[in-house]
Amino acid sequence: MDLVDRLARARIGETFNQYAGSPHLRERLGSYLEARREAGVVLVGEAAGYRGARVSGIPFTSERQLTGSGPAEATATIVHRVLAELGIEDEVLLWNVVPTHPGSETSNRRPTREEVEAASPFLAELTRGRTAIAAVGRLAAASLDAPYVRHPSHGGAAAFEAGLGRAFATIGRRRAPVRFL
């Protein structure tokens, strides 16, 4: 059984599992993961956002980015813009410590320790064998023991952009491993 099917059946604490009742989101995530199967770098955030992956099924991605309609999400917009400016958007796998959504249809909340632990097999599987991992935000950094990049929300866009720029300064498009500073 593949990761998407296991994720769709998973109960991760009190989070909303957007994949459980949506063949469309499962297919979309499966296609995304297949397209990034060889990505050497994983950018890991905290959890699926209520206007991001909860709706689109893709981490750090809003429905508006995929289809041109539906809700937009500020973090997703910043992440994709910075990755595109660095010329690596298609070479980075985006994921979350908790791939399901903690919160309601109109809000986010920080995942609990138990939710982080319940989601850890998915995170381990997605990061295994990758060249580099960057943790977006403190929760991701603590969960991964990976280099920290400031989360772009709440005034952190410039620091996020600078942090990713430094992290990817040494990358040779698909040729050299990433060296985080």
# chains A, B, ... in the order shown; residues from 1 in each chain; ligands from 1
>>> residues_around(residues="Ser153 of chain A", least_positions_apart="6", cutoff="10 Å", atoms="only C-alpha atoms", output="PyMOL selection string")
chain A and resi 74-76+78+137+160
>>> write_last_selection(atoms="N, CA and C atoms", output="PDB file, in the first residue's frame")
ATOM      1  N   ALA A  74      -1.336  33.012   2.021  1.00  0.00           N
ATOM      2  CA  ALA A  74      -0.157  33.881   1.956  1.00  0.00           C
ATOM      3  C   ALA A  74       1.151  33.099   2.026  1.00  0.00           C
ATOM      4  N   THR A  75       1.271  32.152   2.953  1.00  0.00           N
ATOM      5  CA  THR A  75       2.512  31.383   3.073  1.00  0.00           C
ATOM      6  C   THR A  75       2.802  30.642   1.782  1.00  0.00           C
ATOM      7  N   ALA A  76       1.793  30.016   1.206  1.00  0.00           N
ATOM      8  CA  ALA A  76       1.980  29.275  -0.043  1.00  0.00           C
ATOM      9  C   ALA A  76       2.473  30.197  -1.150  1.00  0.00           C
ATOM     10  N   ILE A  78       4.180  32.992  -0.866  1.00  0.00           N
ATOM     11  CA  ILE A  78       5.571  33.380  -0.600  1.00  0.00           C
ATOM     12  C   ILE A  78       6.519  32.223  -0.897  1.00  0.00           C
ATOM     13  N   GLY A 137      10.158  26.969  10.150  1.00  0.00           N
ATOM     14  CA  GLY A 137       9.534  27.210  11.444  1.00  0.00           C
ATOM     15  C   GLY A 137      10.155  26.372  12.548  1.00  0.00           C
ATOM     16  N   PHE A 160      12.490  34.607   5.621  1.00  0.00           N
ATOM     17  CA  PHE A 160      12.337  33.321   4.937  1.00  0.00           C
ATOM     18  C   PHE A 160      13.101  33.341   3.613  1.00  0.00           C
TER      19      PHE A 160
END
>>> closest_atom_pairs(of="segment 36-145 of chain A", to="segment 5-20 of chain A", cutoff="8 Å", atoms="only C-alpha atoms", output="Markdown table")
| residue | atom | partner | partner_atom | distance |
| --- | --- | --- | --- | --- |
| A:Arg54 | CA | A:Gln18 | CA | 5.6 |
| A:Val55 | CA | A:Gln18 | CA | 7.4 |
| A:Gly57 | CA | A:Gln18 | CA | 7.0 |
| A:Thr100 | CA | A:Asn17 | CA | 5.0 |
| A:His101 | CA | A:Phe16 | CA | 4.9 |
| A:Pro102 | CA | A:Thr15 | CA | 4.3 |
| A:Gly103 | CA | A:Thr15 | CA | 6.7 |
| A:Ser104 | CA | A:Phe16 | CA | 7.9 |
| A:Glu114 | CA | A:Gly13 | CA | 6.7 |
| A:Glu115 | CA | A:Gly13 | CA | 5.1 |
| A:Ala118 | CA | A:Ile12 | CA | 5.6 |
| A:Ala119 | CA | A:Ile12 | CA | 6.4 |
| A:Phe122 | CA | A:Leu7 | CA | 7.7 |
>>> closest_residue(among="A:Ala72, A:Val92, A:Arg28, A:Ala47", to="Val116 of chain A", atoms="only C-alpha atoms")
A:Ala47
>>> atom_distance(atom1="atom CA of Pro121 of chain A", atom2="atom CA of Ala134 of chain A")
17.8 Å
>>> residues_around(residues="Val42 of chain A", least_positions_apart="3", cutoff="8 Å", atoms="only C-alpha atoms", output="list in words")
Ala39, Val92, Leu93, Leu94, Trp95, Thr127, Arg130, Ala132, Ile133 and Ala134 of chain A
>>> closest_residue(among="A:Gly45, A:Ala142, A:Ser56, A:Asp2", to="Ser22 of chain A", atoms="only C-alpha atoms")
A:Ser56
>>> atom_distance(atom1="atom CA of Ala140 of chain A", atom2="atom CA of Gly21 of chain A")
26.6 Å
